[in-house]
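First comes the structure, then the notes that go with it.
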Amino acid sequence: MHLMFKWLLVFVICSVLFSTLRPWFAKFGVGSMPGDFRFRVREKTILIPLGSTLFFSLCFWGLGKLI
């Protein structure tokens, strides 16, 4: 139970950080790659960056393998 709470807390903190830093991430192409979904619901834009997440995960994984 304690471990699940820790991961939930990490998820919430990462979600808040991502939503506040989204304009800065847009400079690097997050949200405009193929596979990124953008929905508009009641004057709010919801971004689900699946393609960007996959791309950056592969980049960081490759970088980790080189080091």
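For the structure tokens, the naming scheme is as follows: chains receive sequential letters (A, B, ...) according to their order of presentation, residues are indexed from 1 within each chain, and ligands are indexed from 1 in presentation order.
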Problem set entry | Residues of chain A in alpha helix (DSSP H), written as number ranges by chain | A: 2-20, 22-26, 50-66
Written selection (N, CA and C atoms) as a CSV table (one decimal), in the first residue's frame:
chain,number,residue,atom,x,y,z
A,2,HIS,N,1.9,1.2,0.8
A,2,HIS,CA,2.8,2.4,0.9
A,2,HIS,C,3.5,2.6,-0.4
A,3,LEU,N,3.9,1.6,-1.1
A,3,LEU,CA,4.6,1.7,-2.4
A,3,LEU,C,3.6,2.3,-3.5
A,4,MET,N,2.4,1.9,-3.5
A,4,MET,CA,1.4,2.4,-4.4
A,4,MET,C,1.2,3.9,-4.2
A,5,PHE,N,1.1,4.3,-2.9
A,5,PHE,CA,1.0,5.8,-2.6
A,5,PHE,C,2.1,6.6,-3.1
A,6,LYS,N,3.3,6.0,-3.0
A,6,LYS,CA,4.5,6.7,-3.5
A,6,LYS,C,4.5,6.9,-5.0
A,7,TRP,N,4.1,5.9,-5.8
A,7,TRP,CA,4.0,6.0,-7.2
A,7,TRP,C,2.9,7.0,-7.6
A,8,LEU,N,1.8,7.0,-6.9
A,8,LEU,CA,0.7,7.9,-7.2
A,8,LEU,C,1.2,9.3,-7.0
A,9,LEU,N,1.9,9.6,-5.9
A,9,LEU,CA,2.5,10.9,-5.6
A,9,LEU,C,3.4,11.3,-6.8
A,10,VAL,N,4.3,10.4,-7.2
A,10,VAL,CA,5.2,10.7,-8.3
A,10,VAL,C,4.4,11.1,-9.6
A,11,PHE,N,3.4,10.3,-9.9
A,11,PHE,CA,2.5,10.6,-11.1
A,11,PHE,C,1.9,11.9,-11.0
A,12,VAL,N,1.4,12.3,-9.8
A,12,VAL,CA,0.7,13.6,-9.7
A,12,VAL,C,1.7,14.7,-9.8
A,13,ILE,N,2.9,14.6,-9.2
A,13,ILE,CA,3.9,15.6,-9.3
A,13,ILE,C,4.4,15.8,-10.8
A,14,CYS,N,4.6,14.7,-11.5
A,14,CYS,CA,5.0,14.8,-12.9
A,14,CYS,C,3.9,15.4,-13.8
A,15,SER,N,2.7,15.0,-13.5
A,15,SER,CA,1.6,15.6,-14.3
A,15,SER,C,1.5,17.1,-14.1
A,16,VAL,N,1.7,17.6,-12.9
A,16,VAL,CA,1.6,19.0,-12.6
A,16,VAL,C,2.8,19.7,-13.2
A,17,LEU,N,4.0,19.1,-13.1
A,17,LEU,CA,5.2,19.7,-13.8
A,17,LEU,C,5.0,19.8,-15.3
A,18,PHE,N,4.5,18.7,-15.9
A,18,PHE,CA,4.3,18.7,-17.3
A,18,PHE,C,3.3,19.7,-17.8
A,19,SER,N,2.2,19.9,-17.1
A,19,SER,CA,1.2,20.8,-17.5
A,19,SER,C,1.7,22.3,-17.3
A,20,THR,N,2.5,22.6,-16.3
A,20,THR,CA,3.0,23.9,-16.2
A,20,THR,C,4.2,24.2,-17.2
A,22,ARG,N,4.4,22.9,-20.2
A,22,ARG,CA,4.0,22.6,-21.5
A,22,ARG,C,4.4,23.6,-22.6
A,23,PRO,N,4.2,24.9,-22.3
A,23,PRO,CA,4.7,25.9,-23.3
A,23,PRO,C,6.2,25.8,-23.6
A,24,TRP,N,7.0,25.5,-22.6
A,24,TRP,CA,8.4,25.4,-22.8
A,24,TRP,C,8.7,24.1,-23.6
A,25,PHE,N,8.0,23.0,-23.4
A,25,PHE,CA,8.2,21.8,-24.1
A,25,PHE,C,7.8,21.9,-25.5
A,26,ALA,N,6.9,22.8,-25.8
A,26,ALA,CA,6.4,23.0,-27.2
A,26,ALA,C,7.5,23.5,-28.1
A,50,LEU,N,1.6,11.0,-26.9
A,50,LEU,CA,2.1,9.6,-27.0
A,50,LEU,C,3.3,9.5,-27.9
A,51,GLY,N,3.3,10.1,-29.0
A,51,GLY,CA,4.4,10.1,-30.0
A,51,GLY,C,5.6,10.7,-29.4
A,52,SER,N,5.5,11.9,-28.8
A,52,SER,CA,6.6,12.6,-28.2
A,52,SER,C,7.2,11.8,-27.0
A,53,THR,N,6.4,11.2,-26.2
A,53,THR,CA,6.9,10.4,-25.1
A,53,THR,C,7.7,9.2,-25.6
A,54,LEU,N,7.2,8.5,-26.7
A,54,LEU,CA,7.9,7.4,-27.3
A,54,LEU,C,9.2,7.8,-27.8
A,55,PHE,N,9.2,8.9,-28.6
A,55,PHE,CA,10.5,9.4,-29.2
A,55,PHE,C,11.5,9.8,-28.2
A,56,PHE,N,11.1,10.6,-27.1
A,56,PHE,CA,12.1,11.0,-26.1
A,56,PHE,C,12.5,9.8,-25.3
A,57,SER,N,11.7,8.9,-25.0
A,57,SER,CA,12.1,7.7,-24.3
A,57,SER,C,13.1,6.9,-25.0
A,58,LEU,N,12.9,6.7,-26.3
A,58,LEU,CA,13.9,6.0,-27.1
A,58,LEU,C,15.2,6.8,-27.2
A,59,CYS,N,15.2,8.1,-27.3
A,59,CYS,CA,16.4,8.9,-27.3
A,59,CYS,C,17.2,8.8,-26.0
A,60,PHE,N,16.5,8.9,-24.9
A,60,PHE,CA,17.1,8.8,-23.6
A,60,PHE,C,17.6,7.4,-23.3
A,61,TRP,N,16.9,6.3,-23.8
A,61,TRP,CA,17.3,5.0,-23.6
A,61,TRP,C,18.6,4.8,-24.4
A,62,GLY,N,18.7,5.3,-25.7
A,62,GLY,CA,19.9,5.1,-26.5
A,62,GLY,C,21.0,5.9,-25.9
A,63,LEU,N,20.8,7.0,-25.3
A,63,LEU,CA,21.8,7.8,-24.7
A,63,LEU,C,22.4,7.0,-23.5
A,64,GLY,N,21.4,6.4,-22.7
A,64,GLY,CA,21.9,5.6,-21.6
A,64,GLY,C,22.7,4.4,-21.9
A,65,LYS,N,22.4,3.8,-23.1
A,65,LYS,CA,23.2,2.7,-23.6
A,65,LYS,C,24.6,3.1,-24.0
A,66,LEU,N,24.7,4.3,-24.5
A,66,LEU,CA,26.0,4.8,-24.9
A,66,LEU,C,27.0,5.1,-23.7
For this session: Per DSSP on the backbone, filter chain A down to the residues in strand (DSSP E) and report them as a list of chain:residue names.
Result: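 Strand (DSSP E) assignments inside chain A correspond to A:Asp36, A:Phe37, A:Arg38, A:Phe39, A:Arg40, A:Val41, A:Lys44, A:Thr45, A:Ile46, A:Leu47, A:Ile48, A:Pro49.
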Let me see the file: selected residues, N, CA and C atoms, as a PDB file, in the first residue's frame.
ATOM      1  N   ASP A  36       0.745  12.343 -31.339  1.00  0.00           N
ATOM      2  CA  ASP A  36       0.324  13.212 -30.243  1.00  0.00           C
ATOM      3  C   ASP A  36      -1.127  13.611 -30.486  1.00  0.00           C
ATOM      4  N   PHE A  37      -1.942  13.434 -29.481  1.00  0.00           N
ATOM      5  CA  PHE A  37      -3.363  13.722 -29.615  1.00  0.00           C
ATOM      6  C   PHE A  37      -3.710  14.990 -28.859  1.00  0.00           C
ATOM      7  N   ARG A  38      -4.509  15.829 -29.478  1.00  0.00           N
ATOM      8  CA  ARG A  38      -4.947  17.087 -28.882  1.00  0.00           C
ATOM      9  C   ARG A  38      -6.461  17.168 -29.002  1.00  0.00           C
ATOM     10  N   PHE A  39      -7.115  17.331 -27.861  1.00  0.00           N
ATOM     11  CA  PHE A  39      -8.576  17.418 -27.817  1.00  0.00           C
ATOM     12  C   PHE A  39      -8.974  18.766 -27.245  1.00  0.00           C
ATOM     13  N   ARG A  40     -10.066  19.305 -27.727  1.00  0.00           N
ATOM     14  CA  ARG A  40     -10.598  20.560 -27.190  1.00  0.00           C
ATOM     15  C   ARG A  40     -11.949  20.248 -26.564  1.00  0.00           C
ATOM     16  N   VAL A  41     -12.031  20.451 -25.242  1.00  0.00           N
ATOM     17  CA  VAL A  41     -13.246  20.160 -24.492  1.00  0.00           C
ATOM     18  C   VAL A  41     -13.575  21.373 -23.634  1.00  0.00           C
ATOM     19  N   LYS A  44     -11.010  24.099 -23.116  1.00  0.00           N
ATOM     20  CA  LYS A  44      -9.733  23.609 -22.616  1.00  0.00           C
ATOM     21  C   LYS A  44      -9.132  22.679 -23.648  1.00  0.00           C
ATOM     22  N   THR A  45      -7.831  22.748 -23.797  1.00  0.00           N
ATOM     23  CA  THR A  45      -7.126  21.856 -24.703  1.00  0.00           C
ATOM     24  C   THR A  45      -6.445  20.777 -23.885  1.00  0.00           C
ATOM     25  N   ILE A  46      -6.742  19.538 -24.220  1.00  0.00           N
ATOM     26  CA  ILE A  46      -6.143  18.397 -23.534  1.00  0.00           C
ATOM     27  C   ILE A  46      -5.135  17.779 -24.485  1.00  0.00           C
ATOM     28  N   LEU A  47      -3.898  17.651 -24.043  1.00  0.00           N
ATOM     29  CA  LEU A  47      -2.824  17.117 -24.863  1.00  0.00           C
ATOM     30  C   LEU A  47      -2.400  15.762 -24.317  1.00  0.00           C
ATOM     31  N   ILE A  48      -2.351  14.763 -25.192  1.00  0.00           N
ATOM     32  CA  ILE A  48      -1.862  13.432 -24.836  1.00  0.00           C
ATOM     33  C   ILE A  48      -0.675  13.155 -25.766  1.00  0.00           C
ATOM     34  N   PRO A  49       0.553  13.397 -25.295  1.00  0.00           N
ATOM     35  CA  PRO A  49       1.731  13.313 -26.164  1.00  0.00           C
ATOM     36  C   PRO A  49       2.322  11.903 -26.254  1.00  0.00           C
TER      37      PRO A  49
END
